[in-house]
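Reviewing the structure listed below.
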Amino acid sequence: MTRKTIFWLTIAIMLLATSKVASAPAYLRVIPVSGTVIDLYWSAMEGESYDIWATTDGVNWSKIFTTGQGANSFFVTEGIQPYRNYYFLVAVAGTILSNPLTEANSVNSTEIGVGYPPNQHVHNYYLADTNLCANCHRTHRAQGASLLKFPTVEETCLTCHDGTQSKYNVLDGQVSRDGTWMNPLASSAGPFGSLMGKISSSRPVAAHTIGTPLNQAPGGNPVGVEEWEQRLSCVSCHTAHFSTNFRILTSNTPANPVVEVRAFADSTGDQEREKINYIKGMNTLCSGCHPDYHAQSGAGSEPAAGTHQSDGLFRHPVGVRPADFGNGLTTSLPLEGLNRDNRDNISCITCHRAHGSTSLSHIAEQEQGGARQTNYLLRKDYYGVCQDCHKR
Amino acid sequence: MTNTVRKGGGELLIRGKVSVKKYVAEKLLFILPGSILVVVLGLILISSAVSSPTNEVKLTANAGIGKIQLSWRTDISGVNEIRIYRSNTPEVTPTQGNYLISVEGLNGYNDAAVLAGQTYYYLVAAVLIDGREYLSNQASGIAFPINPHGNYTDNTVACALCHQAHGGLAPRLLADVSVRAICYLCHGNNGVSSYNIQGEYSRIASGHWLQPDRAPMMKCTDCHNTHDGGKDGGGNQIKITKLLEARVNGQRVHTGGGEGFCYSCHQGKSNFYPIKGRGHNFDSLAMQGEANISCLACHESHAANLPYLLRTLPKSGAMEVTGVNASACLTCHQVPLSNTRDNAWNGAAAYNGSGGKDNCFVCHDPHGTAMDSAVPPGMNSKYLNYSYDVAYSPARTAVFNEADYNTCFRSGCHSASDLLGTNTNFKDAPSAVNLHEKHLTALVTTDQGNAVCKECHRPHGAVESENPLLRARVGFPAQSVTGLEKEGVTIGPLFSSDLPGEGSCSLSCHGANHVAGEPGPLEINSVYSQSIP
């Protein structure tokens with residue numbers, strides 16, 4: 001299969017997957033062409049004009065241009081700085097008045113696309129003559145399934161995400177601030193530490209354990225189901241190719257077949273840690289493997305109930321607002337929603353990191369042959385995440 | 001259509017087709033400067049040097065209350081001793097400066113020389129007989145605070161003492177099946193706290209019950225805020241005395257000590273309770289002064305071996321209360337209060353209308369009564385349940401009204417009809433005048449003023465100095481009655497009674513001198529007998 005064939009197949013699949021009405025733009029591709037220029041392409045309809053919306057943080061959106069009829073591309077040449085995330089959305093002109101997050105839908109706009117100039121997105125927006133396929137695949141000399149260059153998915157991912165090529169160094173839990181590793185941002189997901197024979201200077205107390213069968217994930221997990229017997233790998237949570245989810249997060253998990261994650265990584269400031277504005281979907285993603293822990297409002301006062309929560313335990317709820325607890329709690333931890341304050345919702349990611357955590361811990365967890373220290377991937381030392389909200 | 005739009009300085013450039021860009025892989029590469037590479041490699045080498053060379057000794061550190069619990073595991077044979085190293089900073093090294101202690105034959109050690117909230121980093125070395133050493137991994141630990149209630153640091157570990165975020169066994173994500181079970185972890189018979197509340201609940205007569213088989217069942221958190229008062233805007237701890245916080249139906253109604261804490265539920269007891277500083281509301285009565293609750297002078301706070309949560313050993317065990325009876329009161333009222341003329345109860349039976357006896361509550365309610373509300377500030381309340389006129393005065397002009405003496409005239413006790421008219425046994429021996437009636441109703445016409453009960457009786461019992469045979473609770477506590485002096489000699493005793501139903505007084509009362517036998521010109525006969533027809 002040639003690269004061109006792969007590309008067009010991808011296009012065809014995406015077009016079929018996005019069942020739009022005739023007037024909706026579709027398949028937005030965000031192509032940085034330099035550190036200051038980003039080209040946008042989408043599928044347009046004859047006679048339709050489009051509004052181009054842009055944001056760097058998901059909170060403040062600007063309508064930067066309205067095209068003429070039938071336009072299917074736009075080259076953004078102003079206001080772009082290298083090594084920042086830019087998010088775009090193309091909508092039928094006049095259908096979105098102020099906030100694409102609340103007004104965009106499948107009949108008036110594309111999905112949100114992201115660009116990180118000057119780098120092209122390796123996992124998305126392939127052009128017809130792309131040479132990106134070869135980064136991960138070998139047509140005739142592959143060592144792994146799916147024609148991967150390396151024997152495993154993890155080894156393939158780490159060819160870039162080990163701090164050498166991608167801006168995401170998952171071993172150290174860092175995000176490049178400016179295209180170098182001189183002064184990286186700490187990533188929200190945290191570090192995996194040394195992995196697959198690659199050495200990291202970061203030593204997380206606990207991290208998602210690559211290779212563990214999914215049915216060993218805490219919080220539920222049926223046995224004897226094929227998809228639960230797969231082993232945890234990068235692609236358990238991320239998809240290597242096209243995904244409209246934030247951070248190309250997967251849209252299909254064992255417990256939740258439809259996952260839609262919306263978030264925005266804001267790297268425009270001089271903060272020490274990458275700031276992510278979570279909008280929705282993280283609980284659905286995490287509960288794809290940890291379904292028991294997806295406890296709803298009131299679960300702290302009533303036994304958790306539901307398909308995966310029949311053990312009668314009480315669990316801290318997610319999807320609830322700190323503003324609604326007691327006299328109203330506040331937190332510096334990330335919440336999920338549009339308000340950007342304590343009216344947004346607690347999610348799994350409020351307390352936990354996705355990859356690994358170096359937070360100090362007192363917890364010794366029994367495992368086969370002894371005990372091991374763990375911190376449950378908590379964002380803060382010990383139970384700092386509890387105090388951050390409850391302030392007891 | 002393949003029109004494209006380029007936005008630049010407001011100018012729109014129309015192009016005929018998409019210009020496919022070439023994206024070279026070099027744009028995706030972040031070039032790692034050589035100097036940084038050297039540093040990273042250096043760090044890797046350093047970290048390798050301080051980590052376990054064999055990973056054959058696995059160390060874990062657990063938080064304990066006031067200590068950090070270390071445990072290690074190794075399959076190495078021939079271990080002679082375990083050397084423990086500790087540091088306040090990460091990357092502890094097995095140096096003399098970090099050496100803590102060596103142990104032999106153990107697979108764990110409790111490090112109690114720690115500050116709660118401080119993180120410590122540990123390393124152990126398994127030292128073989130031949131001197132070879134095997135280092136463990138590094139483990140860090142933090143000690144639970146000795147007092148886990150409130151004032152938590154931002155990196156507190158105390159939450160886990162009571163809560164589990166995803167595996168709670170009871171509401172509020174409690175790590176055990178009930179609030180009581182959680183509290184007993186420390187406040188139980190085997191708990192580390194000096195407050196063994198579970199032990200108090202071995203008393204079974206009365207209690208603020210926590211047990212599900214006793215009603216009404218309460219929770220510790222109905223009365224205590226286990227997290228203390230939190231912090232103010234400046235981050236300073238808000239300390240609540242004894243963590244006292246009363247909740248009714250889940251709503252906070254009182255925070256802190258004082259009788260108001262008890263009134264949160266026992267609202268009726270506040271109606272007539274004395275104001276602060278008076279009577280039973282003296283601060284010194286509070287057995288647990290920190291809480292400043294005078295109720296605790298008489299009552300236990302959790303459970304008791306006596307009804308009504310009465311203390312068995314109040315006053316620090318100086319007295320033993322044997323029941324809901326006079327002994328409860330006599331703990332304090334063993335002697336007359338210095339500012340009253342009442343004597344302490346002498347032990348003589350006091351019957352109530354139901355046949356009960358020896359019970360001060362026949363006449364008194366120690367929580368105060370409506371009668372007390374009429375007592376002027378500064379005067380002593382008597383905590384009487386019913387009216388009891390003691391306004392004795394030689395110039396008393398009040399007409400007798402039996403309603404003024406309901407403390408005496410109650411069903412099962414005395415009645416006005418027993419005293420007045422022909423029913424009385426208290427009659428002047430020569431004239432058969434009803435002396436009760438005369439003293440209570442007729443003296444006002446002689447400018448001597450009507451008497452009140454208390455001028456001739458001591459309700460707590462007669463005293464021997466006035467009434468050697470202690471008959472009929474006769475006594476003279478009122479200032480209006482004194483002993484009779486005749487020719488400079490006190491004639492005594494004030495009341496003599498050789499036989500029941502007979503007797504005589506030797507008194508100076510309301511300007512009238514009572515003398516038995518042969519009264520003089522200014523004296524009146526005081527001999528009485530119930531045998532007069």
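Lettering and numbering for the structure tokens are positional, with chains as A, B, ... in the shown order, residues counted from 1 in each chain, and ligands counted from 1 in the shown order.
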| Given a cut-off of 8 Å, which residues of chain A touch chain B, counting only C-alpha atoms, written out as a count of residues only? | 60
| Top pick for closest residue to Lys219 in chain B, considering B:Leu484, B:Leu135, B:Leu440, B:Ala181 and counting only C-alpha atoms |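 Looking at the shortest contact to Lys219 in chain B, the residue is B:Ala181.
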| said: Give me the residues near Cys289 in chain A as a list in words, where near means some atom within 8 Å (using only C-alpha atoms) and where sequence neighbours in that chain fewer than 3 positions away do not count. | reply: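 Listing them by chain and then by number gives Leu214, Asn215, Ala217, Gly219, Gly220, Asn221, Thr253, Pro254, Ala255, Leu285 and Cys286 of chain A.
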| field | Pairwise distance for CA of Lys269 in chain B and CA of Ala326 in chain B, rounded to one decimal in Å | value | 20.1 Å
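All residues of protein, DNA or RNA that reach within 10 Å of Gln138 in chain B, judged by only C-alpha atoms and not counting those fewer than 2 positions away in the chain, are Val50, Ser51, Ser52, Lys58, Leu59, Thr60, Ala61, Tyr85, Arg86, Pro90, Glu91, Val92, Thr93, Tyr121, Tyr122, Leu123, Val124, Leu135, Ser136 and Ser140 of chain B.
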With only C-alpha atoms as the counted atoms, please give the residues lying no more than 10 Å from Asn450 in chain B, apart from itself and same-chain residues fewer than 6 positions off, as a short mmCIF file (atom, residue, chain, number, x, y, z; two decimals) with N, CA and C atoms, in the first residue's frame.
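Contents of result_24.cif, as written:
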```
data_model
loop_
_atom_site.label_atom_id
_atom_site.label_comp_id
_atom_site.auth_asym_id
_atom_site.auth_seq_id
_atom_site.Cartn_x
_atom_site.Cartn_y
_atom_site.Cartn_z
N TYR B 392 -40.24 36.11 104.93
CA TYR B 392 -40.57 36.32 106.34
C TYR B 392 -40.21 37.74 106.75
N SER B 393 -41.03 38.27 107.62
CA SER B 393 -40.77 39.63 108.11
C SER B 393 -41.69 39.89 109.28
N PRO B 394 -41.17 40.51 110.30
CA PRO B 394 -42.07 40.90 111.41
C PRO B 394 -43.21 41.79 110.95
N ALA B 395 -42.98 42.48 109.86
CA ALA B 395 -44.03 43.39 109.38
C ALA B 395 -44.80 42.80 108.21
N ARG B 396 -44.74 41.51 108.06
CA ARG B 396 -45.40 40.89 106.91
C ARG B 396 -46.89 41.12 106.98
N THR B 397 -47.44 41.60 105.93
CA THR B 397 -48.88 41.89 105.90
C THR B 397 -49.62 41.01 104.91
N ALA B 398 -48.84 40.16 104.20
CA ALA B 398 -49.49 39.33 103.20
C ALA B 398 -50.49 38.38 103.85
N VAL B 399 -51.63 38.28 103.24
CA VAL B 399 -52.64 37.34 103.71
C VAL B 399 -52.26 35.95 103.23
N PHE B 400 -52.48 34.99 104.09
CA PHE B 400 -52.12 33.63 103.73
C PHE B 400 -52.82 33.19 102.45
N GLU B 437 -52.74 27.54 111.99
CA GLU B 437 -53.62 28.57 111.45
C GLU B 437 -53.29 29.92 112.03
N LYS B 438 -52.97 29.90 113.32
CA LYS B 438 -52.66 31.16 113.97
C LYS B 438 -51.40 31.79 113.38
N HIS B 439 -50.36 30.96 113.23
CA HIS B 439 -49.10 31.52 112.74
C HIS B 439 -49.19 31.94 111.28
N LEU B 440 -49.96 31.19 110.53
CA LEU B 440 -49.99 31.46 109.09
C LEU B 440 -50.99 32.54 108.70
N THR B 441 -52.04 32.69 109.48
CA THR B 441 -53.11 33.56 109.01
C THR B 441 -53.50 34.66 109.98
N ALA B 442 -53.27 34.47 111.27
CA ALA B 442 -53.89 35.40 112.22
C ALA B 442 -52.94 36.43 112.80
N LEU B 443 -51.66 36.20 112.70
CA LEU B 443 -50.74 37.11 113.37
C LEU B 443 -50.70 38.48 112.73
N VAL B 444 -51.10 38.52 111.47
CA VAL B 444 -51.06 39.82 110.80
C VAL B 444 -51.92 40.83 111.54
N HIS B 510 -40.87 37.57 115.99
CA HIS B 510 -41.80 38.64 115.63
C HIS B 510 -42.15 39.51 116.84
#
```
| Contacts of range 349-353 of chain A at 8 Å or less, counting only C-alpha atoms, minus same-chain residues fewer than 2 places along, as a PyMOL selection string? | chain A and resi 188-190+282-283+333-335+346-347+355-357+376-380+385
| field | Which of range 16-174 of chain A DSSP labels alpha helix (DSSP H), written as a list in words | value |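 Reading the DSSP output for range 16-174 of chain A, alpha helix (DSSP H) covers Leu16, Ala17, Pro100, Leu101, Thr102, Glu103, Val153, Glu154, Glu155, Thr156 and Cys157 of chain A.
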Using the selection just defined, write its residues with N, CA and C atoms as a CSV table (one decimal), in the first residue's frame.
```
chain,number,residue,atom,x,y,z
A,16,LEU,N,-16.6,9.6,5.4
A,16,LEU,CA,-17.7,8.8,5.7
A,16,LEU,C,-18.1,8.9,7.2
A,17,ALA,N,-17.1,9.0,8.0
A,17,ALA,CA,-17.4,9.1,9.5
A,17,ALA,C,-18.1,10.4,9.8
A,100,PRO,N,-17.5,29.2,19.8
A,100,PRO,CA,-17.7,27.9,19.1
A,100,PRO,C,-17.9,26.7,20.0
A,101,LEU,N,-17.4,26.8,21.2
A,101,LEU,CA,-17.6,25.6,22.1
A,101,LEU,C,-19.1,25.3,22.4
A,102,THR,N,-19.9,26.3,22.4
A,102,THR,CA,-21.3,26.1,22.7
A,102,THR,C,-22.2,26.2,21.5
A,103,GLU,N,-21.7,26.8,20.4
A,103,GLU,CA,-22.5,27.0,19.3
A,103,GLU,C,-22.2,26.1,18.1
A,153,VAL,N,4.3,-1.2,19.9
A,153,VAL,CA,3.7,0.2,19.8
A,153,VAL,C,4.5,1.2,20.6
A,154,GLU,N,4.9,0.7,21.8
A,154,GLU,CA,5.6,1.6,22.8
A,154,GLU,C,6.9,2.0,22.2
A,155,GLU,N,7.6,1.1,21.7
A,155,GLU,CA,8.9,1.4,21.1
A,155,GLU,C,8.8,2.3,19.9
A,156,THR,N,7.8,2.1,19.2
A,156,THR,CA,7.5,3.0,18.0
A,156,THR,C,7.2,4.4,18.5
A,157,CYS,N,6.3,4.5,19.5
A,157,CYS,CA,6.0,5.9,20.0
A,157,CYS,C,7.2,6.6,20.6
```
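Minimum atom-to-atom distances from B:Glu133, B:Asp75, B:Asp342, B:Glu320 to His457 in chain B were compared using only C-alpha atoms, and the lowest value belongs to B:Asp342.
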| task | Quick one: everything within 9 Å of Lys280 in chain A, counting only C-alpha atoms, minus sequence neighbours fewer than 6 positions away in the same chain. Send it as a PyMOL selection string. | result | chain A and resi 260-263+336-338+345+347
